[in-house]
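K.L.:
My structure is stored as protein-v1.csv, with CSV, C-alpha atoms.
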chain,number,residue,atom,x,y,z
A,1,MET,CA,-26.8,236.7,-77.4
A,2,SER,CA,-26.3,237.1,-73.7
A,3,ASP,CA,-23.2,235.6,-72.2
A,4,PRO,CA,-24.1,232.4,-70.4
A,5,ILE,CA,-21.1,232.6,-68.1
A,6,SER,CA,-22.4,235.8,-66.5
A,7,LYS,CA,-25.0,234.0,-64.5
A,8,ASN,CA,-24.8,233.8,-60.7
A,9,ARG,CA,-21.3,233.0,-59.7
A,10,SER,CA,-21.8,233.0,-55.9
A,11,VAL,CA,-21.8,229.2,-55.6
A,12,PRO,CA,-20.6,226.9,-58.3
A,13,ILE,CA,-23.2,224.3,-59.3
A,14,LEU,CA,-20.4,221.7,-59.4
A,15,SER,CA,-17.2,221.7,-57.4
A,16,ILE,CA,-14.5,219.0,-57.6
A,17,GLN,CA,-11.8,219.1,-55.1
A,18,ASP,CA,-8.6,217.0,-54.8
A,19,LEU,CA,-10.3,214.1,-56.5
A,20,ASP,CA,-8.5,210.8,-57.1
A,21,LYS,CA,-9.7,207.6,-58.6
A,22,ILE,CA,-7.9,204.3,-58.4
A,23,PHE,CA,-9.1,201.1,-60.0
A,24,HIS,CA,-7.6,197.7,-59.3
A,25,LEU,CA,-7.0,195.2,-62.1
A,26,ASN,CA,-5.6,191.7,-61.2
A,27,GLY,CA,-4.5,193.1,-57.9
A,28,ASN,CA,-2.6,196.0,-59.4
A,29,PRO,CA,-3.7,199.7,-58.8
A,30,ILE,CA,-4.5,201.8,-61.9
A,31,HIS,CA,-4.5,205.5,-61.1
A,32,ALA,CA,-7.2,206.9,-63.4
A,33,LEU,CA,-7.6,210.4,-61.9
A,34,LYS,CA,-5.2,212.3,-59.7
A,35,ASN,CA,-5.7,215.6,-57.8
A,36,VAL,CA,-8.5,216.9,-60.1
A,37,ASN,CA,-9.8,220.3,-59.2
A,38,LEU,CA,-12.5,222.0,-61.1
A,39,GLN,CA,-15.4,224.5,-60.6
A,40,ILE,CA,-18.3,224.8,-62.9
A,41,GLN,CA,-20.9,227.6,-62.8
A,42,LYS,CA,-24.6,227.2,-63.4
A,43,GLY,CA,-25.4,227.5,-67.2
A,44,GLU,CA,-21.9,226.9,-68.5
A,45,PHE,CA,-21.1,224.5,-71.4
A,46,ILE,CA,-17.9,222.6,-70.5
A,47,CYS,CA,-16.1,220.2,-72.8
A,48,LEU,CA,-13.6,217.7,-71.4
A,49,ILE,CA,-10.9,216.6,-73.8
A,50,GLY,CA,-7.8,214.5,-73.6
A,51,ALA,CA,-6.1,211.4,-74.9
A,52,SER,CA,-7.8,208.0,-74.6
A,53,GLY,CA,-7.5,206.7,-71.1
A,54,CYS,CA,-7.1,210.1,-69.4
A,55,GLY,CA,-10.1,209.6,-67.2
A,56,LYS,CA,-12.6,211.9,-68.9
A,57,SER,CA,-15.5,209.4,-68.8
A,58,THR,CA,-14.5,208.3,-65.3
A,59,LEU,CA,-14.8,211.9,-64.1
A,60,LEU,CA,-18.1,212.2,-65.8
A,61,ARG,CA,-19.4,209.1,-64.1
A,62,ILE,CA,-18.2,210.3,-60.7
A,63,ILE,CA,-20.2,213.6,-61.3
A,64,GLY,CA,-23.2,211.5,-62.3
A,65,GLY,CA,-22.9,209.4,-59.2
A,66,PHE,CA,-22.2,206.1,-61.0
A,67,GLU,CA,-18.7,205.9,-59.6
A,68,GLN,CA,-17.2,206.8,-56.3
A,69,ALA,CA,-14.0,208.7,-55.9
A,70,THR,CA,-11.1,207.0,-54.1
A,71,SER,CA,-10.4,210.3,-52.3
A,72,GLY,CA,-11.4,213.9,-52.7
A,73,VAL,CA,-15.0,215.0,-53.3
A,74,ALA,CA,-17.4,216.1,-56.1
A,75,ARG,CA,-20.2,218.4,-54.9
A,76,LEU,CA,-23.4,219.5,-56.4
A,77,TYR,CA,-23.8,223.0,-54.8
A,78,HIS,CA,-22.8,222.1,-51.2
A,79,ALA,CA,-23.8,218.5,-51.2
A,80,PRO,CA,-21.3,215.7,-51.9
A,81,ILE,CA,-22.4,213.5,-54.8
A,82,GLN,CA,-22.8,209.9,-53.6
A,83,GLU,CA,-25.3,208.4,-56.0
A,84,PRO,CA,-27.2,209.1,-59.2
A,85,GLY,CA,-30.0,211.7,-59.0
A,86,SER,CA,-32.6,213.2,-61.3
A,87,GLU,CA,-30.9,216.6,-61.1
A,88,ARG,CA,-28.0,215.1,-63.2
A,89,GLY,CA,-29.0,213.5,-66.5
A,90,MET,CA,-26.6,211.4,-68.5
A,91,VAL,CA,-26.5,210.8,-72.2
A,92,PHE,CA,-24.3,208.0,-73.5
A,93,GLN,CA,-23.0,207.2,-77.0
A,94,ASP,CA,-25.1,204.0,-77.2
A,95,TYR,CA,-28.4,205.8,-76.6
A,96,GLY,CA,-29.6,203.5,-73.8
A,97,LEU,CA,-33.3,203.6,-75.0
A,98,PHE,CA,-35.9,201.0,-73.9
A,99,PRO,CA,-36.5,199.1,-77.2
A,100,TRP,CA,-40.0,198.0,-76.1
A,101,LEU,CA,-41.2,201.6,-75.5
A,102,THR,CA,-42.2,204.1,-78.1
A,103,VAL,CA,-40.4,207.4,-78.5
A,104,ARG,CA,-43.1,209.1,-76.5
A,105,GLN,CA,-43.0,206.4,-73.8
A,106,ASN,CA,-39.2,206.6,-73.5
A,107,ILE,CA,-39.3,210.4,-73.0
A,108,ALA,CA,-42.1,210.1,-70.4
A,109,PHE,CA,-40.5,207.2,-68.5
A,110,GLY,CA,-38.8,209.3,-65.8
A,111,PRO,CA,-41.9,211.5,-65.1
A,112,LYS,CA,-44.1,208.4,-65.1
A,113,GLN,CA,-41.9,206.9,-62.3
A,114,ARG,CA,-42.6,210.0,-60.3
A,115,GLY,CA,-46.3,209.3,-60.5
A,116,LEU,CA,-47.4,212.2,-62.6
A,117,PRO,CA,-50.9,212.0,-64.1
A,118,ALA,CA,-51.4,211.0,-67.8
A,119,ALA,CA,-52.3,214.5,-68.9
A,120,ARG,CA,-49.1,215.9,-67.5
A,121,LEU,CA,-47.1,213.1,-69.0
A,122,ARG,CA,-48.6,213.9,-72.4
A,123,GLU,CA,-47.8,217.6,-71.9
A,124,ILE,CA,-44.2,216.9,-71.0
A,125,SER,CA,-43.6,214.4,-73.8
A,126,ASP,CA,-45.2,216.8,-76.4
A,127,HIS,CA,-42.9,219.6,-75.2
A,128,TYR,CA,-39.7,217.6,-75.6
A,129,LEU,CA,-40.8,215.9,-78.8
A,130,ASP,CA,-41.2,219.3,-80.3
A,131,MET,CA,-37.9,220.6,-78.9
A,132,VAL,CA,-35.9,217.7,-80.5
A,133,GLY,CA,-38.0,217.7,-83.7
A,134,LEU,CA,-39.5,214.3,-83.4
A,135,THR,CA,-43.2,215.0,-83.0
A,136,ARG,CA,-44.0,212.9,-86.2
A,137,PHE,CA,-42.2,210.0,-84.7
A,138,ALA,CA,-43.8,209.9,-81.3
A,139,ASP,CA,-45.3,206.4,-81.8
A,140,HIS,CA,-42.2,204.9,-83.4
A,141,PHE,CA,-40.0,202.4,-81.6
A,142,PRO,CA,-36.2,202.9,-81.3
A,143,SER,CA,-35.5,200.2,-83.9
A,144,GLN,CA,-37.4,202.3,-86.5
A,145,LEU,CA,-35.2,205.4,-86.0
A,146,SER,CA,-31.8,206.5,-87.3
A,147,GLY,CA,-28.8,206.9,-85.0
A,148,GLY,CA,-29.3,210.7,-84.9
A,149,MET,CA,-33.0,210.3,-84.1
A,150,LYS,CA,-32.2,207.9,-81.3
A,151,GLN,CA,-29.8,210.3,-79.8
A,152,ARG,CA,-32.4,213.1,-79.9
A,153,VAL,CA,-34.8,210.8,-78.0
A,154,SER,CA,-32.0,210.1,-75.5
A,155,ILE,CA,-31.5,213.8,-74.9
A,156,ALA,CA,-35.2,214.5,-74.7
A,157,ARG,CA,-35.6,211.7,-72.1
A,158,VAL,CA,-33.0,213.3,-69.9
A,159,LEU,CA,-34.5,216.8,-70.3
A,160,ALA,CA,-37.9,215.4,-69.4
A,161,ASN,CA,-36.6,214.6,-65.9
A,162,ASP,CA,-36.1,218.4,-65.4
A,163,CYS,CA,-32.4,218.0,-64.7
A,164,ASP,CA,-30.0,220.9,-63.9
A,165,VAL,CA,-26.9,219.3,-65.2
A,166,LEU,CA,-26.6,217.4,-68.6
A,167,LEU,CA,-23.7,215.0,-68.7
A,168,MET,CA,-22.8,213.8,-72.2
A,169,ASP,CA,-20.2,211.0,-72.9
A,170,GLU,CA,-19.2,211.4,-76.5
A,171,PRO,CA,-22.9,211.4,-77.5
A,172,PHE,CA,-22.2,212.1,-81.2
A,173,GLY,CA,-19.1,209.9,-81.6
A,174,ALA,CA,-20.9,207.1,-83.5
A,175,LEU,CA,-22.7,209.3,-85.9
A,176,ASP,CA,-21.8,210.3,-89.5
A,177,ALA,CA,-20.3,213.8,-90.0
A,178,LEU,CA,-23.5,215.4,-91.3
A,179,THR,CA,-25.7,214.1,-88.6
A,180,ARG,CA,-23.2,215.1,-86.0
A,181,GLU,CA,-23.1,218.6,-87.3
A,182,VAL,CA,-26.8,218.9,-87.2
A,183,LEU,CA,-27.1,217.6,-83.7
A,184,GLN,CA,-24.3,219.8,-82.5
A,185,GLN,CA,-26.3,222.8,-83.5
A,186,GLU,CA,-29.5,221.4,-82.1
A,187,LEU,CA,-27.8,220.8,-78.8
A,188,LEU,CA,-26.6,224.4,-78.7
A,189,ASN,CA,-30.2,225.5,-79.4
A,190,ILE,CA,-31.5,223.4,-76.5
A,191,TRP,CA,-28.8,224.7,-74.2
A,192,GLU,CA,-29.7,228.3,-75.0
A,193,LYS,CA,-33.4,227.6,-74.4
A,194,THR,CA,-33.0,225.6,-71.2
A,195,LYS,CA,-30.0,227.3,-69.5
A,196,LEU,CA,-28.8,223.9,-68.5
A,197,THR,CA,-25.2,223.2,-67.3
A,198,VAL,CA,-23.6,220.9,-69.8
A,199,ILE,CA,-20.5,218.8,-69.3
A,200,PHE,CA,-19.6,217.1,-72.6
A,201,VAL,CA,-16.8,214.6,-73.1
A,202,THR,CA,-15.3,214.5,-76.6
A,203,HIS,CA,-12.1,213.4,-78.5
A,204,ALA,CA,-12.8,215.9,-81.2
A,205,VAL,CA,-11.0,219.3,-80.7
A,206,GLU,CA,-13.2,221.0,-83.3
A,207,GLU,CA,-16.3,219.9,-81.6
A,208,ALA,CA,-15.1,221.2,-78.3
A,209,VAL,CA,-14.2,224.6,-79.8
A,210,LEU,CA,-17.6,224.8,-81.5
A,211,LEU,CA,-19.6,224.0,-78.4
A,212,ALA,CA,-17.9,225.0,-75.2
A,213,ASP,CA,-17.6,228.1,-73.1
A,214,ARG,CA,-14.6,226.4,-71.5
A,215,VAL,CA,-12.5,223.4,-72.6
A,216,VAL,CA,-10.9,221.4,-69.8
A,217,VAL,CA,-7.7,219.7,-71.1
A,218,MET,CA,-6.7,216.6,-69.2
A,219,THR,CA,-3.3,214.9,-69.2
A,220,ALA,CA,-2.7,211.4,-70.4
A,221,GLY,CA,-3.3,209.1,-67.4
A,222,PRO,CA,-3.4,209.5,-64.6
A,223,GLY,CA,-5.8,212.3,-65.5
A,224,ARG,CA,-5.2,215.7,-64.2
A,225,VAL,CA,-6.6,219.1,-65.3
A,226,GLU,CA,-3.7,220.4,-67.4
A,227,ARG,CA,-5.5,223.6,-68.5
A,228,ASP,CA,-8.9,225.2,-68.1
A,229,TYR,CA,-9.2,227.1,-71.3
A,230,THR,CA,-11.9,229.8,-71.9
A,231,ILE,CA,-12.9,229.9,-75.6
A,232,PRO,CA,-12.3,233.5,-76.7
A,233,LEU,CA,-14.9,233.4,-79.5
A,234,GLU,CA,-18.3,234.9,-79.8
A,235,ARG,CA,-21.3,232.8,-80.8
A,236,PRO,CA,-22.4,231.7,-83.3
A,237,ARG,CA,-19.0,230.3,-84.3
A,238,ARG,CA,-17.8,229.4,-87.8
A,239,ILE,CA,-15.4,226.5,-88.1
A,240,THR,CA,-13.9,228.1,-91.3
A,241,ALA,CA,-13.0,231.3,-89.5
A,242,PRO,CA,-9.3,232.0,-89.0
A,243,GLU,CA,-9.7,232.7,-85.3
A,244,PHE,CA,-11.6,229.4,-84.8
A,245,ASN,CA,-8.8,227.5,-86.5
A,246,ALA,CA,-6.2,229.3,-84.4
A,247,VAL,CA,-7.9,228.1,-81.2
A,248,ARG,CA,-8.3,224.6,-82.6
A,249,GLN,CA,-4.7,224.4,-83.4
A,250,GLU,CA,-3.6,225.6,-80.0
A,251,LEU,CA,-5.7,222.9,-78.3
A,252,THR,CA,-4.5,220.3,-80.8
A,253,ASP,CA,-0.9,221.1,-80.2
A,254,MET,CA,-1.5,220.8,-76.4
A,255,LEU,CA,-3.1,217.3,-76.8
A,256,SER,CA,-0.3,216.2,-79.2
A,257,SER,CA,2.2,217.1,-76.6
A,258,HIS,CA,0.4,215.0,-74.0
A,259,VAL,CA,0.4,212.0,-76.3
A,260,SER,CA,4.1,212.4,-77.1
A,261,HIS,CA,5.0,212.6,-73.4
A,262,ALA,CA,2.9,209.6,-72.6
A,263,LYS,CA,4.6,207.5,-75.2
A,264,ALA,CA,8.0,208.7,-74.1
A,265,ALA,CA,7.3,207.6,-70.6
Have the structure of the file written as C-alpha cells, please.

P.N.:
Amino acid sequence: MSDPISKNRSVPILSIQDLDKIFHLNGNPIHALKNVNLQIQKGEFICLIGASGCGKSTLLRIIGGFEQATSGVARLYHAPIQEPGSERGMVFQDYGLFPWLTVRQNIAFGPKQRGLPAARLREISDHYLDMVGLTRFADHFPSQLSGGMKQRVSIARVLANDCDVLLMDEPFGALDALTREVLQQELLNIWEKTKLTVIFVTHAVEEAVLLADRVVVMTAGPGRVERDYTIPLERPRRITAPEFNAVRQELTDMLSSHVSHAKAA
C-alpha cells in the first residue's frame, strides 16, 4: 500500500497557529485550549487523544467552524476558518440523522440543497450506499437501523457532500466492541478509497494506534499539544502484534502521566 503521508507537502491542508480558546462560566474564564500549533497534510489520518476535558472536541469544532478561537487562527489551506463549510464534514457520536428521511434521503440531503437534479442525486446516493454497505436498507428510516448502521449513514451523508476533510468526534464510542471493530476497518477502507484527510477524536489508545498516521497527544486542560507522534507501523496493523502493543503502551503511559499531573495540581 502506498504511504498516504507522501502526498503533496507544499501547503498543509490545515494549519493551526497559536490557538487559544477561553469559555466563560458564571463570569469565570475557563481556558480550554492554550497555544495549540498543528499542521496537517492532505490525505493524513490524524487521531487526537487526551484526558477528558483536554479540549479535543473543542479543537475539532473550531476546525469545523462551529466554534471561534479566542486568539490564534485555524486555516484551511491559506483561508482562516470562520464558519462551517461543505469542504469540512463532521460526524458525531449521536449520528445526527433526520428521522423523517430515509437512508437514501439522508445521504442525498446535502447534494439536494445544492440543487442537483434527481438523476444525479440517485447516482450519488447509490454510490455511497454501496460504499458503506447499506444498499439493501436505502428505503429504511433511521429508527429501523442498528447503531452501527446509523453511523454508516452519517459517514455516507458527509461523504456525499464531497468534503476534503472528515472530522469525527468519537464516532464509535457508543457502539459495542464488535461493531466498533467492523466500522474501524470500514473507515480505513473508505479513507484509502477517497484519500480524504481525517481528524478523529478518541479516548481509546488502541483505536488511535490502529487508525492513525499520527497521534496528537493533548495535555489535561488547558489543552496543549504535548506530542505529535508518528505511528511507526505499516498497514494493515494487528492489535495482537508485539510492536503494536509497544506503541500502545508508550501512548498509554504518556496519558496516565497527564492524568496524574492534573490530579496533583

K.L.:
Give as a list in words the set of residues within 7 Å of the point (-30.4, 217.6, -67.4), where distances use the file's coordinates and all atoms listed in the file.

P.N.:
Glu87, Arg88, Gly89, Val158, Leu159, Asp162, Cys163, Asp164, Val165, Leu166 and Leu196 of chain A

K.L.:
Check the smallest atom-to-atom distance from each of A:Ile107, A:Ala220, A:Leu178, A:Val201 to Val153 in chain A using all atoms listed in the file, then report the winner.

P.N.:
A:Ile107

K.L.:
Please identify all polymer residues within 6 Å of Ile49 in chain A, counting all atoms listed in the file, omitting same-chain residues fewer than 3 positions from it, and present them as a list in words.

P.N.:
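Everything that qualifies: Thr202, His203 and Val217 of chain A.
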
K.L.:
Between CA of Gly173 in chain A and CA of Gln17 in chain A, what is the distance in Å, rounded to a tenth?

P.N.:
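That distance, rounded to one decimal, is 29.0 Å.
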
K.L.:
Range 33-42 of chain A: which residues within 10 Å, counting only C-alpha atoms, same-chain residues fewer than 3 positions away excluded, as a PyMOL selection string?

P.N.:
chain A and resi 4-23+30+45-46+53-56+58-59+69-77+164-165+195-199+214+216+218-226+228

K.L.:
Which residues are close to Asn161 in chain A, i.e. within 12 Å by only C-alpha atoms, leaving aside same-chain residues fewer than 6 positions away? Reply as number ranges by chain.

P.N.:
A: 85-90, 106-114, 116, 121, 124-125, 128, 154-155

K.L.:
Which is closest to Gln249 in chain A among A:Gln185, A:Gly43, A:Met168, A:Val209, if we use all atoms listed in the file?

P.N.:
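Selected residue with least distance to Gln249 in chain A: A:Val209.
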
K.L.:
Within 12 Å of (-10.6, 234.2, -83.8), only C-alpha atoms: residues as an mmCIF file with C-alpha atoms, in the frame of the given file?

P.N.:
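Generated file (result-v4.cif):
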data_model
loop_
_atom_site.group_PDB
_atom_site.id
_atom_site.type_symbol
_atom_site.label_atom_id
_atom_site.label_comp_id
_atom_site.auth_asym_id
_atom_site.auth_seq_id
_atom_site.Cartn_x
_atom_site.Cartn_y
_atom_site.Cartn_z
ATOM 1 C CA VAL A 209 -14.200 224.600 -79.800
ATOM 2 C CA LEU A 210 -17.600 224.800 -81.500
ATOM 3 C CA ILE A 231 -12.900 229.900 -75.600
ATOM 4 C CA PRO A 232 -12.300 233.500 -76.700
ATOM 5 C CA LEU A 233 -14.900 233.400 -79.500
ATOM 6 C CA GLU A 234 -18.300 234.900 -79.800
ATOM 7 C CA ARG A 235 -21.300 232.800 -80.800
ATOM 8 C CA ARG A 237 -19.000 230.300 -84.300
ATOM 9 C CA ARG A 238 -17.800 229.400 -87.800
ATOM 10 C CA ILE A 239 -15.400 226.500 -88.100
ATOM 11 C CA THR A 240 -13.900 228.100 -91.300
ATOM 12 C CA ALA A 241 -13.000 231.300 -89.500
ATOM 13 C CA PRO A 242 -9.300 232.000 -89.000
ATOM 14 C CA GLU A 243 -9.700 232.700 -85.300
ATOM 15 C CA PHE A 244 -11.600 229.400 -84.800
ATOM 16 C CA ASN A 245 -8.800 227.500 -86.500
ATOM 17 C CA ALA A 246 -6.200 229.300 -84.400
ATOM 18 C CA VAL A 247 -7.900 228.100 -81.200
ATOM 19 C CA ARG A 248 -8.300 224.600 -82.600
ATOM 20 C CA GLN A 249 -4.700 224.400 -83.400
ATOM 21 C CA GLU A 250 -3.600 225.600 -80.000
#

K.L.:
Between CA of Ser52 in chain A and CA of Leu211 in chain A, what is the distance, to one decimal in Å?

P.N.:
20.2 Å

K.L.:
I'd like the interatomic distance between CA of Phe92 in chain A and CA of Asp139 in chain A, to a tenth of an Å.

P.N.:
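Taking CA of Phe92 in chain A and CA of Asp139 in chain A, their separation equals 22.6 Å.
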
K.L.:
Could you work out an axis-aligned bounding box for all listed atoms of range 150-165 of chain A, with 6 Å added on each of the six sides, and give its centre and edge lengths in Å to one decimal, as AutoDock Vina command-line options?

P.N.:
--center_x -32.4 --center_y 214.4 --center_z -72.6 --size_x 23.0 --size_y 25.0 --size_z 29.4

K.L.:
Find the residue from A:Leu145, A:Val182, A:Ala119, A:Gln105 that sits nearest to Ala160 in chain A; use only C-alpha atoms when measuring.

P.N.:
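Smallest distance to Ala160 in chain A is found for A:Gln105.
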
K.L.:
Quick one: of A:Gly133, A:Ile63, A:Ser143, A:Pro117, who's nearest to Leu187 in chain A, counting only C-alpha atoms?

P.N.:
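Of all the options, A:Gly133 lies closest to Leu187 in chain A.
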
K.L.:
Could you tell me which of A:Tyr95, A:Tyr229, A:Trp100, A:Phe200 comes closest to Arg157 in chain A if we count all atoms listed in the file?

P.N.:
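Of A:Tyr95, A:Tyr229, A:Trp100, A:Phe200, the one nearest Arg157 in chain A is A:Tyr95, counting all atoms listed in the file.
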
K.L.:
Find the residues around Glu186 in chain A up to 12 Å (only C-alpha atoms counted), leave out those fewer than 2 positions away in its own chain, and share them as a short mmCIF file (atom, residue, chain, number, x, y, z; two decimals) with C-alpha atoms, keeping the file's coordinate frame.

P.N.:
data_model
loop_
_atom_site.label_atom_id
_atom_site.label_comp_id
_atom_site.auth_asym_id
_atom_site.auth_seq_id
_atom_site.Cartn_x
_atom_site.Cartn_y
_atom_site.Cartn_z
CA MET A 131 -37.90 220.60 -78.90
CA VAL A 132 -35.90 217.70 -80.50
CA GLY A 133 -38.00 217.70 -83.70
CA GLY A 148 -29.30 210.70 -84.90
CA MET A 149 -33.00 210.30 -84.10
CA GLN A 151 -29.80 210.30 -79.80
CA ARG A 152 -32.40 213.10 -79.90
CA ILE A 155 -31.50 213.80 -74.90
CA ALA A 156 -35.20 214.50 -74.70
CA PHE A 172 -22.20 212.10 -81.20
CA THR A 179 -25.70 214.10 -88.60
CA ARG A 180 -23.20 215.10 -86.00
CA GLU A 181 -23.10 218.60 -87.30
CA VAL A 182 -26.80 218.90 -87.20
CA LEU A 183 -27.10 217.60 -83.70
CA GLN A 184 -24.30 219.80 -82.50
CA LEU A 188 -26.60 224.40 -78.70
CA ASN A 189 -30.20 225.50 -79.40
CA ILE A 190 -31.50 223.40 -76.50
CA TRP A 191 -28.80 224.70 -74.20
CA GLU A 192 -29.70 228.30 -75.00
CA LYS A 193 -33.40 227.60 -74.40
CA LEU A 211 -19.60 224.00 -78.40
#
